[in-house]
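Q: Below is model11.pdb; it holds PDB, C-alpha atoms and all ligand atoms.
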ATOM      1  CA  MET A   1     -55.961  43.110 -28.959  1.00  0.00           C
ATOM      2  CA  ALA A   2     -56.928  40.131 -31.064  1.00  0.00           C
ATOM      3  CA  SER A   3     -59.637  40.936 -33.568  1.00  0.00           C
ATOM      4  CA  ILE A   4     -61.733  37.853 -32.783  1.00  0.00           C
ATOM      5  CA  TYR A   5     -63.252  39.717 -29.840  1.00  0.00           C
ATOM      6  CA  THR A   6     -66.555  41.269 -30.760  1.00  0.00           C
ATOM      7  CA  VAL A   7     -66.525  44.086 -28.241  1.00  0.00           C
ATOM      8  CA  ASN A   8     -64.063  46.873 -28.786  1.00  0.00           C
ATOM      9  CA  GLU A   9     -61.011  47.266 -26.627  1.00  0.00           C
ATOM     10  CA  GLU A  10     -62.236  50.461 -24.973  1.00  0.00           C
ATOM     11  CA  THR A  11     -65.423  48.769 -23.771  1.00  0.00           C
ATOM     12  CA  LEU A  12     -63.552  45.788 -22.432  1.00  0.00           C
ATOM     13  CA  ILE A  13     -61.059  48.008 -20.594  1.00  0.00           C
ATOM     14  CA  ASN A  14     -63.913  50.024 -19.078  1.00  0.00           C
ATOM     15  CA  ILE A  15     -65.592  46.887 -17.756  1.00  0.00           C
ATOM     16  CA  ALA A  16     -62.273  45.627 -16.380  1.00  0.00           C
ATOM     17  CA  ARG A  17     -61.696  48.937 -14.611  1.00  0.00           C
ATOM     18  CA  VAL A  18     -65.182  49.013 -13.077  1.00  0.00           C
ATOM     19  CA  LEU A  19     -64.817  45.459 -11.778  1.00  0.00           C
ATOM     20  CA  GLY A  20     -61.129  45.352 -10.914  1.00  0.00           C
ATOM     21  CA  GLY A  21     -59.429  48.762 -11.014  1.00  0.00           C
ATOM     22  CA  ASP A  22     -55.992  49.178 -12.585  1.00  0.00           C
ATOM     23  CA  ASP A  23     -54.954  45.621 -11.692  1.00  0.00           C
ATOM     24  CA  GLY A  24     -58.094  44.334 -13.376  1.00  0.00           C
ATOM     25  CA  VAL A  25     -57.244  46.277 -16.526  1.00  0.00           C
ATOM     26  CA  ARG A  26     -53.763  44.724 -16.628  1.00  0.00           C
ATOM     27  CA  ILE A  27     -55.114  41.207 -16.192  1.00  0.00           C
ATOM     28  CA  ILE A  28     -57.807  41.626 -18.852  1.00  0.00           C
ATOM     29  CA  GLY A  29     -55.164  43.169 -21.122  1.00  0.00           C
ATOM     30  CA  ILE A  30     -53.035  40.032 -20.877  1.00  0.00           C
ATOM     31  CA  LEU A  31     -56.035  37.698 -21.236  1.00  0.00           C
ATOM     32  CA  SER A  32     -57.056  39.547 -24.388  1.00  0.00           C
ATOM     33  CA  GLU A  33     -53.706  38.643 -25.937  1.00  0.00           C
ATOM     34  CA  HIS A  34     -53.155  35.147 -24.521  1.00  0.00           C
ATOM     35  CA  LYS A  35     -55.489  32.218 -24.051  1.00  0.00           C
ATOM     36  CA  ASN A  36     -55.224  29.504 -21.392  1.00  0.00           C
ATOM     37  CA  ILE A  37     -53.064  31.340 -18.916  1.00  0.00           C
ATOM     38  CA  THR A  38     -52.590  30.298 -15.285  1.00  0.00           C
ATOM     39  CA  VAL A  39     -52.816  32.380 -12.112  1.00  0.00           C
ATOM     40  CA  GLU A  40     -49.072  31.950 -11.613  1.00  0.00           C
ATOM     41  CA  GLU A  41     -48.294  33.163 -15.123  1.00  0.00           C
ATOM     42  CA  LEU A  42     -50.554  36.187 -14.653  1.00  0.00           C
ATOM     43  CA  ALA A  43     -48.951  37.044 -11.303  1.00  0.00           C
ATOM     44  CA  GLU A  44     -45.494  36.744 -12.819  1.00  0.00           C
ATOM     45  CA  THR A  45     -46.314  38.832 -15.898  1.00  0.00           C
ATOM     46  CA  THR A  46     -48.129  41.630 -14.050  1.00  0.00           C
ATOM     47  CA  GLY A  47     -46.234  41.658 -10.755  1.00  0.00           C
ATOM     48  CA  ILE A  48     -49.607  41.539  -8.942  1.00  0.00           C
ATOM     49  CA  GLN A  49     -49.760  39.339  -5.822  1.00  0.00           C
ATOM     50  CA  ILE A  50     -51.020  35.871  -6.644  1.00  0.00           C
ATOM     51  CA  ASN A  51     -53.914  36.087  -4.152  1.00  0.00           C
ATOM     52  CA  ASP A  52     -55.037  39.367  -5.689  1.00  0.00           C
ATOM     53  CA  VAL A  53     -54.830  37.884  -9.176  1.00  0.00           C
ATOM     54  CA  ARG A  54     -56.966  34.960  -8.028  1.00  0.00           C
ATOM     55  CA  LYS A  55     -59.594  37.268  -6.446  1.00  0.00           C
ATOM     56  CA  LEU A  56     -59.819  39.353  -9.611  1.00  0.00           C
ATOM     57  CA  LEU A  57     -60.097  36.260 -11.790  1.00  0.00           C
ATOM     58  CA  TYR A  58     -63.031  34.971  -9.765  1.00  0.00           C
ATOM     59  CA  ARG A  59     -64.697  38.379  -9.868  1.00  0.00           C
ATOM     60  CA  PHE A  60     -64.399  38.430 -13.672  1.00  0.00           C
ATOM     61  CA  TYR A  61     -65.520  34.813 -13.763  1.00  0.00           C
ATOM     62  CA  ASN A  62     -68.652  35.640 -11.698  1.00  0.00           C
ATOM     63  CA  HIS A  63     -69.484  38.336 -14.235  1.00  0.00           C
ATOM     64  CA  SER A  64     -68.968  35.865 -17.084  1.00  0.00           C
ATOM     65  CA  LEU A  65     -66.117  37.861 -18.603  1.00  0.00           C
ATOM     66  CA  ILE A  66     -63.690  34.972 -18.484  1.00  0.00           C
ATOM     67  CA  THR A  67     -63.823  31.216 -18.522  1.00  0.00           C
ATOM     68  CA  ASN A  68     -61.559  28.504 -17.162  1.00  0.00           C
ATOM     69  CA  ARG A  69     -60.604  24.968 -17.930  1.00  0.00           C
ATOM     70  CA  ARG A  70     -59.229  22.561 -15.418  1.00  0.00           C
ATOM     71  CA  PHE A  71     -56.924  19.625 -15.858  1.00  0.00           C
ATOM     72  CA  ARG A  72     -54.625  17.497 -13.728  1.00  0.00           C
ATOM     73  CA  ASP A  73     -50.888  18.055 -13.873  1.00  0.00           C
ATOM     74  CA  LYS A  74     -49.393  14.669 -14.838  1.00  0.00           C
ATOM     75  CA  GLU A  75     -46.307  15.155 -12.687  1.00  0.00           C
ATOM     76  CA  THR A  76     -47.725  16.638  -9.496  1.00  0.00           C
ATOM     77  CA  GLY A  77     -51.288  15.286  -9.719  1.00  0.00           C
ATOM     78  CA  TRP A  78     -52.613  18.752  -8.836  1.00  0.00           C
ATOM     79  CA  PHE A  79     -55.373  20.527 -10.678  1.00  0.00           C
ATOM     80  CA  ILE A  80     -54.290  23.372 -12.906  1.00  0.00           C
ATOM     81  CA  PHE A  81     -56.714  26.108 -13.950  1.00  0.00           C
ATOM     82  CA  GLN A  82     -56.207  27.985 -17.170  1.00  0.00           C
ATOM     83  CA  TRP A  83     -58.108  31.188 -17.835  1.00  0.00           C
ATOM     84  CA  SER A  84     -59.298  32.801 -21.041  1.00  0.00           C
ATOM     85  CA  LEU A  85     -61.535  35.648 -22.103  1.00  0.00           C
ATOM     86  CA  GLN A  86     -65.124  34.745 -22.822  1.00  0.00           C
ATOM     87  CA  PRO A  87     -65.840  37.019 -25.774  1.00  0.00           C
ATOM     88  CA  GLU A  88     -69.509  36.160 -26.374  1.00  0.00           C
ATOM     89  CA  LEU A  89     -70.324  36.734 -22.740  1.00  0.00           C
ATOM     90  CA  VAL A  90     -68.410  39.979 -22.651  1.00  0.00           C
ATOM     91  CA  GLU A  91     -70.678  41.019 -25.471  1.00  0.00           C
ATOM     92  CA  ALA A  92     -73.725  39.836 -23.534  1.00  0.00           C
ATOM     93  CA  TYR A  93     -72.619  41.978 -20.591  1.00  0.00           C
ATOM     94  CA  VAL A  94     -72.259  44.993 -22.841  1.00  0.00           C
ATOM     95  CA  THR A  95     -75.649  44.335 -24.429  1.00  0.00           C
ATOM     96  CA  SER A  96     -77.453  44.043 -21.103  1.00  0.00           C
ATOM     97  CA  THR A  97     -75.768  47.227 -19.863  1.00  0.00           C
ATOM     98  CA  LYS A  98     -76.869  49.056 -23.001  1.00  0.00           C
ATOM     99  CA  GLN A  99     -80.411  47.747 -22.586  1.00  0.00           C
ATOM    100  CA  LYS A 100     -80.503  49.084 -19.035  1.00  0.00           C
ATOM    101  CA  ILE A 101     -79.298  52.501 -20.217  1.00  0.00           C
ATOM    102  CA  LEU A 102     -81.855  52.420 -23.025  1.00  0.00           C
ATOM    103  CA  ARG A 103     -84.714  51.771 -20.589  1.00  0.00           C
ATOM    104  CA  LYS A 104     -83.573  54.655 -18.371  1.00  0.00           C
ATOM    105  CA  LEU A 105     -83.327  57.032 -21.326  1.00  0.00           C
ATOM    106  CA  GLU A 106     -86.757  55.974 -22.600  1.00  0.00           C
ATOM    107  CA  SER A 107     -88.437  56.542 -19.244  1.00  0.00           C
ATOM    108  CA  ARG A 108     -86.680  59.914 -18.958  1.00  0.00           C
ATOM    109  CA  LEU A 109     -87.926  60.814 -22.439  1.00  0.00           C
ATOM    110  CA  GLU A 110     -91.450  59.786 -21.455  1.00  0.00           C
ATOM    111  CA  TYR A 111     -91.151  62.046 -18.386  1.00  0.00           C
ATOM    112  CA  GLU A 112     -89.894  65.009 -20.434  1.00  0.00           C
ATOM    113  CA  LEU A 113     -92.675  64.539 -23.015  1.00  0.00           C
ATOM    114  CA  THR A 114     -95.455  64.387 -20.439  1.00  0.00           C
ATOM    115  CA  HIS A 115     -94.359  67.199 -18.124  1.00  0.00           C
ATOM    116  CA  GLU A 116     -93.984  70.941 -18.377  1.00  0.00           C
ATOM    117  CA  PHE A 117     -91.096  72.587 -16.610  1.00  0.00           C
ATOM    118  CA  TYR A 118     -90.724  76.071 -15.184  1.00  0.00           C
ATOM    119  CA  HIS A 119     -87.686  77.993 -14.008  1.00  0.00           C
ATOM    120  CA  CYS A 120     -86.989  81.339 -12.396  1.00  0.00           C
ATOM    121  CA  GLY A 121     -83.706  82.036 -14.174  1.00  0.00           C
ATOM    122  CA  ASN A 122     -81.491  81.731 -11.100  1.00  0.00           C
ATOM    123  CA  PRO A 123     -78.807  79.155 -11.860  1.00  0.00           C
ATOM    124  CA  GLN A 124     -78.822  77.778  -8.313  1.00  0.00           C
ATOM    125  CA  CYS A 125     -82.565  76.951  -8.389  1.00  0.00           C
ATOM    126  CA  PRO A 126     -83.852  73.644  -9.791  1.00  0.00           C
ATOM    127  CA  ASN A 127     -86.538  73.242 -12.471  1.00  0.00           C
ATOM    128  CA  THR A 128     -90.097  73.192 -11.186  1.00  0.00           C
ATOM    129  CA  THR A 129     -92.856  70.999 -12.586  1.00  0.00           C
ATOM    130  CA  PHE A 130     -96.215  72.379 -13.670  1.00  0.00           C
ATOM    131  CA  GLU A 131     -97.899  70.874 -10.594  1.00  0.00           C
ATOM    132  CA  VAL A 132     -95.538  72.644  -8.187  1.00  0.00           C
ATOM    133  CA  ALA A 133     -95.711  75.890 -10.207  1.00  0.00           C
ATOM    134  CA  MET A 134     -99.519  75.805  -9.873  1.00  0.00           C
ATOM    135  CA  ASP A 135     -99.214  75.554  -6.082  1.00  0.00           C
ATOM    136  CA  THR A 136     -96.936  78.590  -5.847  1.00  0.00           C
ATOM    137  CA  VAL A 137     -98.899  80.584  -8.463  1.00  0.00           C
ATOM    138  CA  PHE A 138     -95.877  80.429 -10.777  1.00  0.00           C
ATOM    139  CA  HIS A 139     -93.276  81.667  -8.337  1.00  0.00           C
ATOM    140  CA  CYS A 140     -90.056  79.785  -7.644  1.00  0.00           C
ATOM    141  CA  PRO A 141     -90.478  77.677  -4.481  1.00  0.00           C
ATOM    142  CA  GLN A 142     -86.846  78.430  -3.627  1.00  0.00           C
ATOM    143  CA  CYS A 143     -86.316  82.159  -4.361  1.00  0.00           C
ATOM    144  CA  ASN A 144     -89.895  83.349  -5.031  1.00  0.00           C
ATOM    145  CA  GLU A 145     -88.975  84.976  -8.386  1.00  0.00           C
ATOM    146  CA  PRO A 146     -91.563  84.554 -11.173  1.00  0.00           C
ATOM    147  CA  LEU A 147     -91.315  81.297 -13.108  1.00  0.00           C
ATOM    148  CA  HIS A 148     -91.011  80.980 -16.876  1.00  0.00           C
ATOM    149  CA  ARG A 149     -91.748  78.014 -19.076  1.00  0.00           C
ATOM    150  CA  VAL A 150     -88.588  76.025 -19.856  1.00  0.00           C
ATOM    151  CA  ASP A 151     -88.157  74.859 -23.423  1.00  0.00           C
ATOM    152  CA  ASN A 152     -87.184  71.221 -22.966  1.00  0.00           C
ATOM    153  CA  ASN A 153     -87.055  70.470 -26.688  1.00  0.00           C
ATOM    154  CA  PRO A 154     -83.239  70.392 -26.675  1.00  0.00           C
ATOM    155  CA  VAL A 155     -83.381  67.773 -23.890  1.00  0.00           C
ATOM    156  CA  ILE A 156     -85.982  65.770 -25.817  1.00  0.00           C
ATOM    157  CA  GLU A 157     -83.921  65.953 -28.999  1.00  0.00           C
ATOM    158  CA  PHE A 158     -80.799  64.873 -27.141  1.00  0.00           C
ATOM    159  CA  LEU A 159     -82.614  61.914 -25.560  1.00  0.00           C
ATOM    160  CA  GLU A 160     -84.131  60.874 -28.895  1.00  0.00           C
ATOM    161  CA  LYS A 161     -80.728  61.007 -30.554  1.00  0.00           C
ATOM    162  CA  LYS A 162     -79.116  58.917 -27.782  1.00  0.00           C
ATOM    163  CA  ILE A 163     -81.951  56.370 -27.857  1.00  0.00           C
ATOM    164  CA  ALA A 164     -81.652  56.034 -31.634  1.00  0.00           C
ATOM    165  CA  GLU A 165     -77.872  55.533 -31.331  1.00  0.00           C
ATOM    166  CA  ILE A 166     -78.168  52.804 -28.715  1.00  0.00           C
ATOM    167  CA  LYS A 167     -80.961  51.045 -30.600  1.00  0.00           C
ATOM    168  CA  GLU A 168     -78.796  51.015 -33.701  1.00  0.00           C
ATOM    169  CA  GLU A 169     -75.849  49.580 -31.734  1.00  0.00           C
ATOM    170  CA  LEU A 170     -78.076  46.885 -30.240  1.00  0.00           C
ATOM    171  CA  ASP A 171     -79.398  45.953 -33.680  1.00  0.00           C
ATOM    172  CA  THR A 172     -75.992  45.247 -35.167  1.00  0.00           C
TER
HETATM  173 ZN    ZN B 201     -85.616  80.444  -8.062  1.00  0.00          ZN
END
Show the structure stored in the file as structure tokens.
A:
Amino acid sequence: MASIYTVNEETLINIARVLGGDDGVRIIGILSEHKNITVEELAETTGIQINDVRKLLYRFYNHSLITNRRFRDKETGWFIFQWSLQPELVEAYVTSTKQKILRKLESRLEYELTHEFYHCGNPQCPNTTFEVAMDTVFHCPQCNEPLHRVDNNPVIEFLEKKIAEIKEELDT
């Protein structure tokens, strides 16, 4: 992949797969190496049906991953569309995804910090909150075994570490 793209290849491939499956990955792979490529050229290079190529291109276009330019063929008079990756917007997509994940992790951390959890020790039973444990006089609502306080510090530490990592990535 050309080094001018600010997101790494793995990220780009992941986005392509989410939006377009294996065919999407192949198309984004070619667009990451060639600029200004037509639907016909993409269909020919990948062996993917031209209508499928077109659908995928518009899906990527709607998510601002790629851009197009249009001009008139001098011989036929028809419009020709050429497609290219839109690196800044790919980065914007990645950034907004990371921000969403960050918000989820932060609200989960808030939840972990403001709640106490109890568990009976049976692997098939879920954690119980303090409020529920009060109601059952500290017996598991599922199996009725006595509940013990769960140390959620490892969870909190994990969340803090993840949050710090994402914040650092968003800063750069
Ligand atoms: Zn239980």
Q: What does the list of residues within 8 Å of ligand ZN 201 (chain B) look like if you count all atoms listed in the file, written as an mmCIF file with C-alpha atoms, in the frame of the given file?
A:
data_model
loop_
_atom_site.group_PDB
_atom_site.id
_atom_site.type_symbol
_atom_site.label_atom_id
_atom_site.label_comp_id
_atom_site.auth_asym_id
_atom_site.auth_seq_id
_atom_site.Cartn_x
_atom_site.Cartn_y
_atom_site.Cartn_z
ATOM 1 C CA HIS A 119 -87.686 77.993 -14.008
ATOM 2 C CA CYS A 120 -86.989 81.339 -12.396
ATOM 3 C CA GLY A 121 -83.706 82.036 -14.174
ATOM 4 C CA ASN A 122 -81.491 81.731 -11.100
ATOM 5 C CA PRO A 123 -78.807 79.155 -11.860
ATOM 6 C CA GLN A 124 -78.822 77.778 -8.313
ATOM 7 C CA CYS A 125 -82.565 76.951 -8.389
ATOM 8 C CA PRO A 126 -83.852 73.644 -9.791
ATOM 9 C CA HIS A 139 -93.276 81.667 -8.337
ATOM 10 C CA CYS A 140 -90.056 79.785 -7.644
ATOM 11 C CA PRO A 141 -90.478 77.677 -4.481
ATOM 12 C CA GLN A 142 -86.846 78.430 -3.627
ATOM 13 C CA CYS A 143 -86.316 82.159 -4.361
ATOM 14 C CA ASN A 144 -89.895 83.349 -5.031
ATOM 15 C CA GLU A 145 -88.975 84.976 -8.386
ATOM 16 C CA PRO A 146 -91.563 84.554 -11.173
ATOM 17 C CA LEU A 147 -91.315 81.297 -13.108
#
Q: Expanded to explicit residues, what is the PyMOL selection byres (((chain A and resi 61) around 12) and not hetatm) for this file, as a list in words?
A: Ala16, Leu19, Gly20, Ile28, Arg54, Lys55, Leu56, Leu57, Tyr58, Arg59, Phe60, Asn62, His63, Ser64, Leu65, Ile66, Thr67, Asn68, Arg69, Trp83, Ser84, Leu85, Gln86, Leu89 and Val90 of chain A
Q: Step by step, work through what the PyMOL selection byres (((chain A and resi 165-171) around 12) and not hetatm) selects in the shown file, and finish by giving those residues as a list in words.
A: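 Residues picked by the PyMOL selection byres (((chain A and resi 165-171) around 12) and not hetatm): Val7, Glu91, Ala92, Val94, Thr95, Ser96, Thr97, Lys98, Gln99, Lys100, Ile101, Leu102, Arg103, Lys104, Leu105, Glu106, Phe158, Leu159, Glu160, Lys161, Lys162, Ile163, Ala164 and Thr172 of chain A.
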Q: What separation in Å, quoted to one decimal, exists between atom CA of A:Glu41 and atom CA of A:Gly21?
A: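 These atoms are spaced 19.6 Å apart.
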Q: Contacts of A:Asp22 at 12 Å or less, counting all atoms listed in the file, minus same-chain residues fewer than 5 places along, as a PyMOL selection string?
A: chain A and resi 13-17+27-29+46+48+53+56
Q: Would you kindly translate the PyMOL selection byres (((chain A and resi 129) around 9) and not hetatm) into the concrete residues it picks from this file, as number ranges by chain?
A: A: 115-119, 127-128, 130-134
Q: Could you take the residues named above and write them with C-alpha atoms, as a compact mmCIF listing (two decimals), in the coordinates of the input?
A:
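Printed below is part-v2.txt as written:
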# COMPACT_ATOMS: atom_id res chain seq x y z
CA HIS A 115 -94.36 67.20 -18.12
CA GLU A 116 -93.98 70.94 -18.38
CA PHE A 117 -91.10 72.59 -16.61
CA TYR A 118 -90.72 76.07 -15.18
CA HIS A 119 -87.69 77.99 -14.01
CA ASN A 127 -86.54 73.24 -12.47
CA THR A 128 -90.10 73.19 -11.19
CA PHE A 130 -96.22 72.38 -13.67
CA GLU A 131 -97.90 70.87 -10.59
CA VAL A 132 -95.54 72.64 -8.19
CA ALA A 133 -95.71 75.89 -10.21
CA MET A 134 -99.52 75.81 -9.87
Q: By how many Å are atom CA of A:Ile30 and atom CA of A:Ala43 apart?
A: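 Taking atom CA of A:Ile30 as the start and atom CA of A:Ala43 as the end point, the length is 10.8 Å.
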Q: Could you state the separation of atom CA of A:Ile50 and atom CA of A:Asn36 in Å, given to one decimal place?
A: 16.6 Å
Q: Using only C-alpha atoms, can you list as a PyMOL selection string the residues within 8 Å of (-53.4, 29.8, -8.0)?
A: chain A and resi 38-40+50-51+54+81
Q: Around all listed atoms of stretch 69-73 of chain A, padded 3 Å per side, what centre and edge lengths does the axis-aligned box have in Å to one decimal, as AutoDock Vina command-line options?
A:
--center_x -55.7 --center_y 21.2 --center_z -15.8 --size_x 15.7 --size_y 13.5 --size_z 10.2
Q: Could you rebuild stretch 60-75 of chain A with N, CA, C and O atoms and give me the result as a PDB file, in the coordinates of the input?
A:
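So the final result, stored in rebuild_6.pdb, reads:
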ATOM      1  N   PHE A  60     -64.097  38.406 -12.229  1.00  0.00           N
ATOM      2  CA  PHE A  60     -64.399  38.430 -13.672  1.00  0.00           C
ATOM      3  C   PHE A  60     -65.201  37.192 -14.075  1.00  0.00           C
ATOM      4  O   PHE A  60     -66.109  37.259 -14.894  1.00  0.00           O
ATOM      5  N   TYR A  61     -64.830  36.075 -13.471  1.00  0.00           N
ATOM      6  CA  TYR A  61     -65.520  34.813 -13.763  1.00  0.00           C
ATOM      7  C   TYR A  61     -66.997  34.908 -13.350  1.00  0.00           C
ATOM      8  O   TYR A  61     -67.895  34.487 -14.087  1.00  0.00           O
ATOM      9  N   ASN A  62     -67.271  35.483 -12.175  1.00  0.00           N
ATOM     10  CA  ASN A  62     -68.652  35.640 -11.698  1.00  0.00           C
ATOM     11  C   ASN A  62     -69.468  36.573 -12.576  1.00  0.00           C
ATOM     12  O   ASN A  62     -70.692  36.498 -12.587  1.00  0.00           O
ATOM     13  N   HIS A  63     -68.790  37.455 -13.295  1.00  0.00           N
ATOM     14  CA  HIS A  63     -69.484  38.336 -14.235  1.00  0.00           C
ATOM     15  C   HIS A  63     -69.396  37.810 -15.663  1.00  0.00           C
ATOM     16  O   HIS A  63     -69.676  38.536 -16.611  1.00  0.00           O
ATOM     17  N   SER A  64     -68.978  36.547 -15.779  1.00  0.00           N
ATOM     18  CA  SER A  64     -68.968  35.865 -17.084  1.00  0.00           C
ATOM     19  C   SER A  64     -68.058  36.524 -18.122  1.00  0.00           C
ATOM     20  O   SER A  64     -68.275  36.373 -19.313  1.00  0.00           O
ATOM     21  N   LEU A  65     -67.041  37.255 -17.646  1.00  0.00           N
ATOM     22  CA  LEU A  65     -66.117  37.861 -18.603  1.00  0.00           C
ATOM     23  C   LEU A  65     -65.053  36.876 -19.046  1.00  0.00           C
ATOM     24  O   LEU A  65     -64.491  37.001 -20.128  1.00  0.00           O
ATOM     25  N   ILE A  66     -64.746  35.932 -18.171  1.00  0.00           N
ATOM     26  CA  ILE A  66     -63.690  34.972 -18.484  1.00  0.00           C
ATOM     27  C   ILE A  66     -64.191  33.553 -18.184  1.00  0.00           C
ATOM     28  O   ILE A  66     -65.204  33.362 -17.517  1.00  0.00           O
ATOM     29  N   THR A  67     -63.468  32.609 -18.708  1.00  0.00           N
ATOM     30  CA  THR A  67     -63.823  31.216 -18.522  1.00  0.00           C
ATOM     31  C   THR A  67     -62.574  30.464 -18.058  1.00  0.00           C
ATOM     32  O   THR A  67     -61.469  30.984 -18.184  1.00  0.00           O
ATOM     33  N   ASN A  68     -62.752  29.278 -17.502  1.00  0.00           N
ATOM     34  CA  ASN A  68     -61.559  28.504 -17.162  1.00  0.00           C
ATOM     35  C   ASN A  68     -61.700  27.066 -17.606  1.00  0.00           C
ATOM     36  O   ASN A  68     -62.797  26.592 -17.875  1.00  0.00           O
ATOM     37  N   ARG A  69     -60.584  26.414 -17.738  1.00  0.00           N
ATOM     38  CA  ARG A  69     -60.604  24.968 -17.930  1.00  0.00           C
ATOM     39  C   ARG A  69     -59.627  24.369 -16.937  1.00  0.00           C
ATOM     40  O   ARG A  69     -58.640  24.993 -16.557  1.00  0.00           O
ATOM     41  N   ARG A  70     -59.941  23.169 -16.525  1.00  0.00           N
ATOM     42  CA  ARG A  70     -59.229  22.561 -15.418  1.00  0.00           C
ATOM     43  C   ARG A  70     -58.668  21.227 -15.885  1.00  0.00           C
ATOM     44  O   ARG A  70     -59.360  20.478 -16.581  1.00  0.00           O
ATOM     45  N   PHE A  71     -57.444  20.970 -15.573  1.00  0.00           N
ATOM     46  CA  PHE A  71     -56.924  19.625 -15.858  1.00  0.00           C
ATOM     47  C   PHE A  71     -55.879  19.260 -14.812  1.00  0.00           C
ATOM     48  O   PHE A  71     -55.391  20.116 -14.065  1.00  0.00           O
ATOM     49  N   ARG A  72     -55.537  17.974 -14.757  1.00  0.00           N
ATOM     50  CA  ARG A  72     -54.625  17.497 -13.728  1.00  0.00           C
ATOM     51  C   ARG A  72     -53.190  17.478 -14.263  1.00  0.00           C
ATOM     52  O   ARG A  72     -52.939  16.959 -15.349  1.00  0.00           O
ATOM     53  N   ASP A  73     -52.302  18.080 -13.521  1.00  0.00           N
ATOM     54  CA  ASP A  73     -50.888  18.055 -13.873  1.00  0.00           C
ATOM     55  C   ASP A  73     -50.382  16.620 -13.744  1.00  0.00           C
ATOM     56  O   ASP A  73     -50.515  16.003 -12.688  1.00  0.00           O
ATOM     57  N   LYS A  74     -49.807  16.077 -14.839  1.00  0.00           N
ATOM     58  CA  LYS A  74     -49.393  14.669 -14.838  1.00  0.00           C
ATOM     59  C   LYS A  74     -48.296  14.392 -13.813  1.00  0.00           C
ATOM     60  O   LYS A  74     -48.245  13.334 -13.202  1.00  0.00           O
ATOM     61  N   GLU A  75     -47.421  15.380 -13.610  1.00  0.00           N
ATOM     62  CA  GLU A  75     -46.307  15.155 -12.687  1.00  0.00           C
ATOM     63  C   GLU A  75     -46.720  15.286 -11.222  1.00  0.00           C
ATOM     64  O   GLU A  75     -46.435  14.417 -10.410  1.00  0.00           O
TER      65      GLU A  75
END
